[in-house]
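J.: File work.tsv follows (TSV, C-alpha atoms and all ligand atoms):
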```tsv
chain	number	residue	atom	x	y	z
A	10	GLN	CA	-40.44	170.87	228.76
A	11	GLU	CA	-41.64	174.47	228.36
A	12	ILE	CA	-45.10	174.97	229.94
A	13	LYS	CA	-46.50	178.50	229.67
A	14	THR	CA	-49.97	178.32	231.16
A	15	GLY	CA	-52.34	175.71	232.44
A	16	SER	CA	-54.76	174.74	235.12
A	17	VAL	CA	-55.35	171.67	237.27
A	18	THR	CA	-57.98	170.68	239.84
A	19	TRP	CA	-57.67	168.16	242.68
A	20	ILE	CA	-60.25	167.01	245.21
A	21	SER	CA	-58.64	165.84	248.40
A	22	PRO	CA	-60.23	164.44	251.56
A	23	SER	CA	-59.75	164.95	255.26
A	24	ASN	CA	-58.65	162.07	257.48
A	25	ILE	CA	-59.27	160.92	261.03
A	26	ALA	CA	-56.38	159.59	263.11
A	27	LEU	CA	-56.77	156.38	265.12
A	28	VAL	CA	-53.28	156.69	266.64
A	29	LYS	CA	-52.72	160.42	267.01
A	30	TYR	CA	-49.86	162.62	265.82
A	31	TRP	CA	-49.17	165.08	268.61
A	32	GLY	CA	-45.72	166.59	268.92
A	33	LYS	CA	-43.18	167.31	266.21
A	34	LYS	CA	-39.50	167.96	265.62
A	35	LYS	CA	-37.80	170.30	263.16
A	36	ASP	CA	-39.07	170.30	259.54
A	37	GLN	CA	-42.44	168.76	260.38
A	38	ILE	CA	-40.95	165.46	261.47
A	39	PRO	CA	-43.48	163.75	263.74
A	40	ALA	CA	-42.45	162.86	267.29
A	41	ASN	CA	-44.36	159.57	266.95
A	42	PRO	CA	-45.92	157.50	264.17
A	43	SER	CA	-49.67	157.85	263.53
A	44	ILE	CA	-52.31	156.06	261.49
A	45	SER	CA	-55.58	157.33	260.04
A	46	PHE	CA	-58.64	156.44	258.05
A	47	THR	CA	-58.89	158.58	254.94
A	48	LEU	CA	-62.39	160.10	254.77
A	49	ASN	CA	-64.69	160.28	251.77
A	50	ASN	CA	-67.10	163.22	252.09
A	51	CYS	CA	-65.23	165.95	253.95
A	52	LYS	CA	-62.97	167.28	251.23
A	53	THR	CA	-61.42	170.32	249.59
A	54	THR	CA	-61.49	171.09	245.87
A	55	THR	CA	-58.58	173.22	244.72
A	56	THR	CA	-57.85	174.61	241.28
A	57	LEU	CA	-54.36	175.87	240.54
A	58	GLU	CA	-53.96	178.09	237.48
A	59	PHE	CA	-50.38	178.81	236.49
A	60	SER	CA	-48.75	181.12	233.98
A	61	LYS	CA	-45.05	181.45	233.37
A	62	LYS	CA	-43.52	184.77	234.45
A	63	LYS	CA	-41.19	186.77	232.20
A	64	ALA	CA	-38.57	186.63	234.92
A	65	ALA	CA	-38.56	184.47	238.05
A	66	GLY	CA	-39.08	186.44	241.27
A	67	ASP	CA	-37.71	185.88	244.77
A	68	ILE	CA	-40.92	184.56	246.24
A	69	THR	CA	-43.78	182.51	244.89
A	70	ASP	CA	-46.47	184.79	243.57
A	71	PHE	CA	-50.14	183.88	243.99
A	72	ASP	CA	-53.71	185.09	244.35
A	73	LEU	CA	-56.03	183.15	246.59
A	74	TYR	CA	-59.79	182.68	246.40
A	75	PHE	CA	-61.76	180.78	249.02
A	76	GLU	CA	-65.33	179.90	248.05
A	77	GLY	CA	-65.28	182.63	245.43
A	78	SER	CA	-63.86	185.54	247.37
A	79	SER	CA	-60.33	186.72	247.90
A	80	LYS	CA	-58.97	185.75	251.34
A	81	PRO	CA	-55.91	187.75	252.39
A	82	GLU	CA	-56.05	186.22	255.89
A	83	PHE	CA	-55.23	182.76	254.48
A	84	LYS	CA	-52.18	184.06	252.58
A	85	PRO	CA	-49.51	183.83	255.31
A	86	LYS	CA	-50.07	180.07	255.76
A	87	ILE	CA	-49.79	179.47	252.00
A	88	ASN	CA	-46.77	181.79	251.82
A	89	SER	CA	-44.92	179.80	254.43
A	90	PHE	CA	-45.93	176.57	252.68
A	91	PHE	CA	-44.39	177.82	249.40
A	92	ALA	CA	-41.29	179.04	251.23
A	93	ARG	CA	-40.84	175.54	252.71
A	94	ILE	CA	-41.32	173.64	249.44
A	95	GLU	CA	-39.26	175.92	247.13
A	96	LYS	CA	-36.15	173.87	247.89
A	97	TYR	CA	-37.89	170.75	246.54
A	98	CYS	CA	-39.86	172.47	243.75
A	99	PRO	CA	-37.61	175.29	242.47
A	100	TYR	CA	-39.85	175.73	239.39
A	101	ILE	CA	-42.64	177.31	241.44
A	102	LYS	CA	-40.83	180.67	241.40
A	103	ASP	CA	-41.12	180.77	237.62
A	104	TYR	CA	-44.92	180.87	237.77
A	105	LYS	CA	-47.69	183.18	238.85
A	106	PHE	CA	-50.47	181.14	240.53
A	107	THR	CA	-54.16	181.63	241.07
A	108	ILE	CA	-55.46	179.26	243.74
A	109	SER	CA	-59.22	178.75	244.04
A	110	THR	CA	-60.41	176.50	246.80
A	111	GLU	CA	-63.66	175.32	248.38
A	112	ASN	CA	-64.69	172.82	251.04
A	113	SER	CA	-67.52	170.29	250.94
A	114	PHE	CA	-68.19	170.81	254.64
A	115	PRO	CA	-69.68	174.01	256.09
A	116	HIS	CA	-67.27	176.86	256.66
A	117	SER	CA	-66.29	177.25	260.34
A	118	SER	CA	-67.85	173.95	261.35
A	119	GLY	CA	-64.91	173.32	263.62
A	120	ILE	CA	-63.76	170.70	261.10
A	121	ALA	CA	-60.12	171.33	260.32
A	122	SER	CA	-59.59	171.93	256.62
A	123	SER	CA	-55.81	171.90	256.82
A	124	ALA	CA	-55.44	168.20	255.92
A	125	SER	CA	-57.73	168.33	252.89
A	126	GLY	CA	-56.64	171.84	251.87
A	127	MET	CA	-52.88	171.32	252.09
A	128	SER	CA	-53.02	167.92	250.39
A	129	ALA	CA	-55.12	169.33	247.53
A	130	LEU	CA	-52.63	172.16	246.98
A	131	ALA	CA	-49.64	169.82	247.17
A	132	LEU	CA	-51.25	167.58	244.52
A	133	CYS	CA	-51.84	170.59	242.23
A	134	ILE	CA	-48.16	171.53	242.52
A	135	MET	CA	-47.22	167.93	241.67
A	136	SER	CA	-49.43	168.06	238.57
A	137	LEU	CA	-47.45	171.10	237.40
A	138	GLU	CA	-44.23	169.18	238.15
A	139	LYS	CA	-45.51	166.26	236.07
A	140	GLU	CA	-46.24	168.57	233.14
A	141	LEU	CA	-42.65	169.79	233.35
A	142	ASN	CA	-41.37	166.24	233.72
A	143	PRO	CA	-43.78	163.71	232.18
A	144	ALA	CA	-41.50	160.80	233.14
A	145	ILE	CA	-42.66	160.98	236.78
A	146	ASP	CA	-44.51	157.78	237.72
A	147	GLU	CA	-47.51	157.40	240.02
A	148	GLU	CA	-45.53	156.12	242.97
A	149	PHE	CA	-43.14	159.05	242.95
A	150	PHE	CA	-46.02	161.45	242.35
A	151	ASN	CA	-47.97	160.27	245.40
A	152	LYS	CA	-44.91	160.07	247.65
A	153	LYS	CA	-43.75	163.55	246.78
A	154	ALA	CA	-47.30	164.96	247.03
A	155	SER	CA	-47.49	163.50	250.54
A	156	PHE	CA	-44.00	164.83	251.35
A	157	LEU	CA	-45.02	168.35	250.24
A	158	ALA	CA	-48.40	168.16	252.01
A	159	ARG	CA	-46.56	167.28	255.23
A	160	LEU	CA	-44.66	170.56	254.99
A	161	GLY	CA	-48.00	172.40	254.80
A	162	SER	CA	-49.66	170.58	257.69
A	163	GLY	CA	-48.35	167.35	259.18
A	164	SER	CA	-51.57	165.35	259.09
A	165	ALA	CA	-52.18	166.44	255.46
A	166	CYS	CA	-49.60	163.88	254.32
A	167	ARG	CA	-52.10	161.16	255.29
A	168	SER	CA	-54.77	162.44	252.85
A	169	ILE	CA	-53.28	161.60	249.43
A	170	GLU	CA	-54.28	157.94	249.41
A	171	GLY	CA	-56.56	155.63	251.38
A	172	PRO	CA	-58.10	153.79	253.06
A	173	LEU	CA	-55.62	153.39	255.93
A	174	ILE	CA	-52.44	155.47	256.01
A	175	ILE	CA	-49.44	155.32	258.30
A	176	TRP	CA	-47.06	158.23	258.73
A	177	GLY	CA	-43.94	158.28	260.89
A	178	LYS	CA	-41.14	155.77	261.29
A	179	HIS	CA	-42.35	152.67	263.12
A	180	VAL	CA	-39.73	149.91	263.28
A	181	LYS	CA	-42.42	147.21	263.24
A	182	THR	CA	-44.07	148.57	260.06
A	183	GLU	CA	-42.23	148.05	256.79
A	184	ASN	CA	-41.62	151.10	254.63
A	185	SER	CA	-43.02	153.56	257.18
A	186	SER	CA	-41.40	156.97	256.96
A	187	ASP	CA	-41.26	160.27	258.83
A	188	LEU	CA	-41.23	162.08	255.49
A	189	TYR	CA	-44.51	160.94	253.93
A	190	GLY	CA	-47.59	158.85	254.54
A	191	SER	CA	-48.00	155.43	252.97
A	192	LYS	CA	-50.68	152.79	252.62
A	193	TYR	CA	-50.84	150.42	255.55
A	194	PRO	CA	-48.91	147.41	254.24
A	195	TYR	CA	-50.56	144.58	256.22
A	196	GLU	CA	-53.80	142.63	256.06
A	197	VAL	CA	-56.95	144.54	257.03
A	198	ASN	CA	-60.17	142.65	257.89
A	199	ASP	CA	-63.26	143.37	255.81
A	200	ILE	CA	-65.07	144.68	258.91
A	201	PHE	CA	-63.04	147.91	258.46
A	202	LYS	CA	-64.20	148.33	254.86
A	203	ASN	CA	-66.35	151.47	254.48
A	204	TYR	CA	-66.03	152.07	258.24
A	205	GLN	CA	-68.41	154.89	259.19
A	206	ASP	CA	-67.48	158.22	260.80
A	207	THR	CA	-70.38	160.41	261.90
A	208	ILE	CA	-68.96	163.77	262.96
A	209	LEU	CA	-70.94	165.51	265.69
A	210	LEU	CA	-70.44	169.27	265.59
A	211	VAL	CA	-70.43	170.11	269.28
A	212	ASP	CA	-68.66	173.42	268.96
A	213	LYS	CA	-68.29	175.19	265.66
A	214	GLY	CA	-66.19	178.03	267.04
A	215	THR	CA	-62.59	178.58	265.99
A	216	LYS	CA	-60.04	176.45	267.74
A	217	GLN	CA	-58.83	177.58	271.15
A	218	VAL	CA	-55.35	176.29	270.46
A	219	SER	CA	-53.84	176.04	266.99
A	220	SER	CA	-52.29	172.66	266.31
A	221	SER	CA	-48.83	174.20	265.88
A	222	ILE	CA	-49.01	175.62	269.42
A	223	GLY	CA	-50.33	172.26	270.58
A	224	HIS	CA	-47.46	170.31	269.01
A	225	ASN	CA	-44.98	172.71	270.59
A	226	LEU	CA	-46.42	172.08	274.03
A	227	MET	CA	-45.03	168.54	273.78
A	228	HIS	CA	-41.49	169.98	274.00
A	229	GLY	CA	-40.58	169.67	277.66
A	230	HIS	CA	-43.93	168.05	278.47
A	231	PRO	CA	-43.46	165.83	281.56
A	232	PHE	CA	-45.24	162.86	279.93
A	233	ALA	CA	-43.95	163.27	276.37
A	234	GLU	CA	-41.61	160.27	276.19
A	235	ALA	CA	-44.17	157.89	277.67
A	236	ARG	CA	-46.78	159.15	275.24
A	237	PHE	CA	-44.53	158.68	272.20
A	238	GLN	CA	-43.74	155.13	273.36
A	239	GLN	CA	-47.45	154.43	273.79
A	240	ALA	CA	-48.14	155.44	270.18
A	241	HIS	CA	-45.49	152.96	268.96
A	242	SER	CA	-46.95	150.20	271.09
A	243	ASN	CA	-50.56	150.94	270.05
A	244	LEU	CA	-49.53	150.75	266.40
A	245	GLU	CA	-47.91	147.40	267.02
A	246	LYS	CA	-51.06	146.08	268.73
A	247	LEU	CA	-53.22	147.32	265.86
A	248	ARG	CA	-51.48	145.04	263.39
A	249	GLU	CA	-53.16	141.90	264.79
A	250	ILE	CA	-56.42	143.80	265.40
A	251	PHE	CA	-56.67	144.98	261.80
A	252	LYS	CA	-56.11	141.40	260.67
A	253	SER	CA	-58.54	139.68	263.04
A	254	GLY	CA	-61.18	142.41	263.12
A	255	ASP	CA	-61.26	142.30	266.95
A	256	LEU	CA	-63.42	145.39	267.43
A	257	LYS	CA	-63.33	145.26	271.25
A	258	ALA	CA	-59.56	145.64	271.15
A	259	PHE	CA	-59.81	148.24	268.35
A	260	ILE	CA	-62.20	150.37	270.41
A	261	LYS	CA	-59.93	150.21	273.46
A	262	ILE	CA	-57.02	151.64	271.50
A	263	VAL	CA	-58.95	154.25	269.54
A	264	GLU	CA	-60.75	155.73	272.56
A	265	SER	CA	-57.59	155.65	274.67
A	266	GLU	CA	-55.71	157.51	271.92
A	267	ALA	CA	-58.38	160.25	271.84
A	268	LEU	CA	-58.41	160.69	275.61
A	269	THR	CA	-54.61	160.64	275.78
A	270	LEU	CA	-54.43	163.42	273.18
A	271	HIS	CA	-56.67	165.52	275.40
A	272	ALA	CA	-54.82	164.44	278.54
A	273	MET	CA	-51.61	165.77	276.97
A	274	MET	CA	-53.27	169.16	276.50
A	275	MET	CA	-54.68	169.16	280.02
A	276	SER	CA	-51.26	168.41	281.47
A	277	SER	CA	-49.15	170.80	279.41
A	278	ASN	CA	-47.91	174.21	280.44
A	279	PRO	CA	-50.00	176.26	279.73
A	280	TYR	CA	-52.89	173.76	279.99
A	281	PHE	CA	-56.10	173.56	277.98
A	282	ILE	CA	-59.44	171.80	278.12
A	283	LEU	CA	-60.71	171.45	274.57
A	284	MET	CA	-63.71	169.25	275.36
A	285	LYS	CA	-67.05	170.86	276.14
A	286	PRO	CA	-69.70	169.54	278.56
A	287	ASN	CA	-71.58	168.14	275.54
A	288	THR	CA	-68.45	166.26	274.41
A	289	LEU	CA	-68.51	164.35	277.70
A	290	GLU	CA	-72.27	163.91	277.57
A	291	ILE	CA	-71.90	162.27	274.13
A	292	ILE	CA	-69.03	160.04	275.28
A	293	ASN	CA	-71.06	158.81	278.25
A	294	ARG	CA	-74.06	158.07	276.07
A	295	ILE	CA	-71.92	156.14	273.60
A	296	TRP	CA	-70.56	154.07	276.49
A	297	SER	CA	-74.05	153.33	277.90
A	298	PHE	CA	-75.41	152.44	274.48
A	299	ARG	CA	-72.46	150.13	273.82
A	300	GLU	CA	-72.96	148.38	277.14
A	301	GLU	CA	-76.70	147.96	276.63
A	302	THR	CA	-76.60	146.76	273.02
A	303	GLY	CA	-73.12	145.28	272.62
A	304	LEU	CA	-72.84	147.16	269.32
A	305	PRO	CA	-69.26	148.13	268.32
A	306	VAL	CA	-69.58	151.91	268.35
A	307	CYS	CA	-66.81	154.14	269.68
A	308	PHE	CA	-65.58	157.71	269.57
A	309	THR	CA	-62.45	159.59	268.69
A	310	LEU	CA	-61.57	163.27	269.02
A	311	ASP	CA	-59.34	165.76	267.27
A	312	ALA	CA	-57.83	168.76	269.02
A	313	GLY	CA	-61.29	170.19	269.68
A	314	ALA	CA	-64.75	169.52	271.10
A	315	ASN	CA	-66.32	167.72	268.11
A	316	VAL	CA	-66.84	163.97	268.39
A	317	HIS	CA	-66.17	161.45	265.61
A	318	VAL	CA	-68.41	158.40	266.07
A	319	LEU	CA	-66.85	155.32	264.45
A	320	TYR	CA	-68.63	152.05	263.59
A	321	PRO	CA	-68.76	149.30	260.96
A	322	GLU	CA	-70.95	149.77	257.90
A	323	LYS	CA	-73.00	146.65	258.71
A	324	ASN	CA	-74.32	148.30	261.91
A	325	LYS	CA	-75.09	151.58	260.18
A	326	SER	CA	-78.88	151.62	260.48
A	327	GLU	CA	-79.17	150.92	264.22
A	328	ILE	CA	-76.22	153.12	265.21
A	329	LEU	CA	-77.29	156.06	263.04
A	330	GLU	CA	-80.74	155.75	264.61
A	331	PHE	CA	-79.14	155.97	268.08
A	332	ILE	CA	-77.04	158.97	266.98
A	333	LYS	CA	-80.11	160.81	265.69
A	334	ASN	CA	-82.25	159.98	268.71
A	335	GLU	CA	-79.74	160.50	271.47
A	336	LEU	CA	-76.62	162.36	270.39
A	337	VAL	CA	-77.59	165.00	267.85
A	338	ALA	CA	-79.36	167.03	270.56
A	339	TYR	CA	-75.89	167.79	272.01
A	340	CYS	CA	-74.60	169.29	268.74
A	341	GLU	CA	-74.57	172.98	267.95
A	342	LYS	CA	-77.74	173.59	265.94
A	343	GLU	CA	-78.13	169.79	265.80
A	344	GLN	CA	-75.49	169.67	263.06
A	345	TYR	CA	-73.56	166.54	262.16
A	346	LEU	CA	-71.80	165.16	259.08
A	347	CYS	CA	-71.97	161.60	257.80
A	348	ASP	CA	-68.69	160.37	256.46
A	349	GLU	CA	-66.98	157.05	255.83
A	350	VAL	CA	-63.61	155.68	254.87
A	351	GLY	CA	-62.48	156.70	251.39
A	352	LYS	CA	-59.84	155.99	248.78
A	353	GLY	CA	-57.92	159.26	248.72
A	354	ALA	CA	-57.57	162.26	246.45
A	355	GLU	CA	-58.85	162.49	242.88
A	356	LYS	CA	-57.85	164.64	239.95
A	357	LEU	CA	-60.78	166.28	238.22
B	401	LIG	O1	-51.66	168.41	260.99
B	401	LIG	P1	-51.77	169.23	262.22
B	401	LIG	O2	-50.49	169.93	262.55
B	401	LIG	O3	-52.96	170.14	262.19
B	401	LIG	O4	-52.02	168.22	263.48
B	401	LIG	C1	-53.20	167.51	263.65
B	401	LIG	C2	-53.12	166.68	264.86
B	401	LIG	C3	-54.39	165.91	265.24
B	401	LIG	O5	-55.42	166.12	264.33
B	401	LIG	C4	-54.87	166.34	266.61
B	401	LIG	C5	-54.08	164.41	265.31
B	401	LIG	C6	-53.83	163.73	264.01
B	401	LIG	O6	-53.00	162.81	263.98
B	401	LIG	O7	-54.49	164.06	263.00
```
Rewrite the coordinates I just gave you, this time as structure tokens.
T.:
Amino acid sequence: QEIKTGSVTWISPSNIALVKYWGKKKDQIPANPSISFTLNNCKTTTTLEFSKKKAAGDITDFDLYFEGSSKPEFKPKINSFFARIEKYCPYIKDYKFTISTENSFPHSSGIASSASGMSALALCIMSLEKELNPAIDEEFFNKKASFLARLGSGSACRSIEGPLIIWGKHVKTENSSDLYGSKYPYEVNDIFKNYQDTILLVDKGTKQVSSSIGHNLMHGHPFAEARFQQAHSNLEKLREIFKSGDLKAFIKIVESEALTLHAMMMSSNPYFILMKPNTLEIINRIWSFREETGLPVCFTLDAGANVHVLYPEKNKSEILEFIKNELVAYCEKEQYLCDEVGKGAEKL
């Protein structure tokens, strides 16, 4: 089918890993399987305008606008994304693109936009592919969008669908793949429905270590093999936990995963400490509050100082009250974001 010009917009969310992806092999193949909640409010909206060139060029041609202004500093990352996907989407060289993108969360909040941003762009490319080949069905569309998103940023492949996405081959999980994320195939207790994630912005500065440097530090890391094994075993344990809704056991795994991620960075060469004093202050207060009240609140961390506070929707009022009274004071400018588990990306 001949398509000359067109435009498509996708809104794609961020996600928060429960079992963390940390370490990768060639071609963005994860060193261990991971699982995440897809988020609902932290998202990127991307519009891709395309017009057919008179003659195809050697590289994919595009202009990029971020929140209304042109952003040359973001171009290299998108350039390498296009270079990686050309093999799978040869048609992209036939088009000139204009990419316009914006985030729902504040710029430089220390919230990574790579998962939402790369998944939104991958979905836009797939919409062009579907115009060229209308026979593509939804399953193929989502799988390939996730496959392409992975080549942009590993964790982005977990943002296409929701609410719970596994990525990386896990022998105990049917249909899991290193190449794309897929919906968790087993029973999940209603307690995890609309699970809440309040993101405390402890440090809004740019990341000390980019995730690609971080992943590379797992090559030759003295504890790498044990860590990868642990991720497999935690995923296996989660199967029964998701079914039963045993939040005590859930919390043990989720917090251990967050601390292990940071322990890997602290014990790599070179080493890094990505937590801040306020990160630890918040963790200690969550622990005291949990002990005092018995409420099922826990934390997880990404590769930075911000804290994700996770809890069931039914405990929202008392836990949000605690967060506002006791934790928000440790955030930069008292800033935090309220999010919850979501369904995945949407076409506008
Ligand atoms: O997708 P990347 O390469 O930015 O890696 C992200 C890794 C963590 O956020 C730290 C963990 C995860 O599984 O999302």
J.: Could you tell me how far CA of Asp187 in chain A sits from CA of Ile222 in chain A, in Å to one decimal place?
T.: 20.2 Å
J.: Counting only C-alpha atoms, which residues have an atom no more than 12 Å from (-75.3, 161.9, 267.7) in the file's coordinates? Please list them as a PyMOL selection string.
T.: chain A and resi 206-211+287-288+290-295+298+306-308+315-319+328-341+343-347
J.: Fewer than 4 positions away in the same chain doesn't count, so skip those; otherwise give me all residues within 10 Å of range 76-90 of chain A, counting all atoms listed in the file, as a ChimeraX atom specification.
T.: /A:54,68-72,94-95,108-112,116,127,130-131,157-162
J.: I'd like to know which of A:Tyr195, A:Phe201, A:Phe237, A:Phe232 is closest to Glu249 in chain A, using all atoms listed in the file.
T.: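 Of A:Tyr195, A:Phe201, A:Phe237, A:Phe232, the one nearest Glu249 in chain A is A:Tyr195, counting all atoms listed in the file.
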J.: Let me make sure I understand: among A:Ala92, A:Ala40, A:Ile20, A:Ala235, which one has the smallest atom-to-atom distance to ligand LIG 401 (chain B) if we use only C-alpha atoms and all ligand atoms?
T.: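 Checking each candidate against ligand LIG 401 (chain B), we get A:Ala40 as the closest.
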J.: So, with only C-alpha atoms and all ligand atoms as the atoms that count, which of A:Ile120, A:Cys51, A:Ile12, A:Val180 lies closest to ligand LIG 401 (chain B)?
T.: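 Looking at the shortest contact to ligand LIG 401 (chain B), the residue is A:Ile120.
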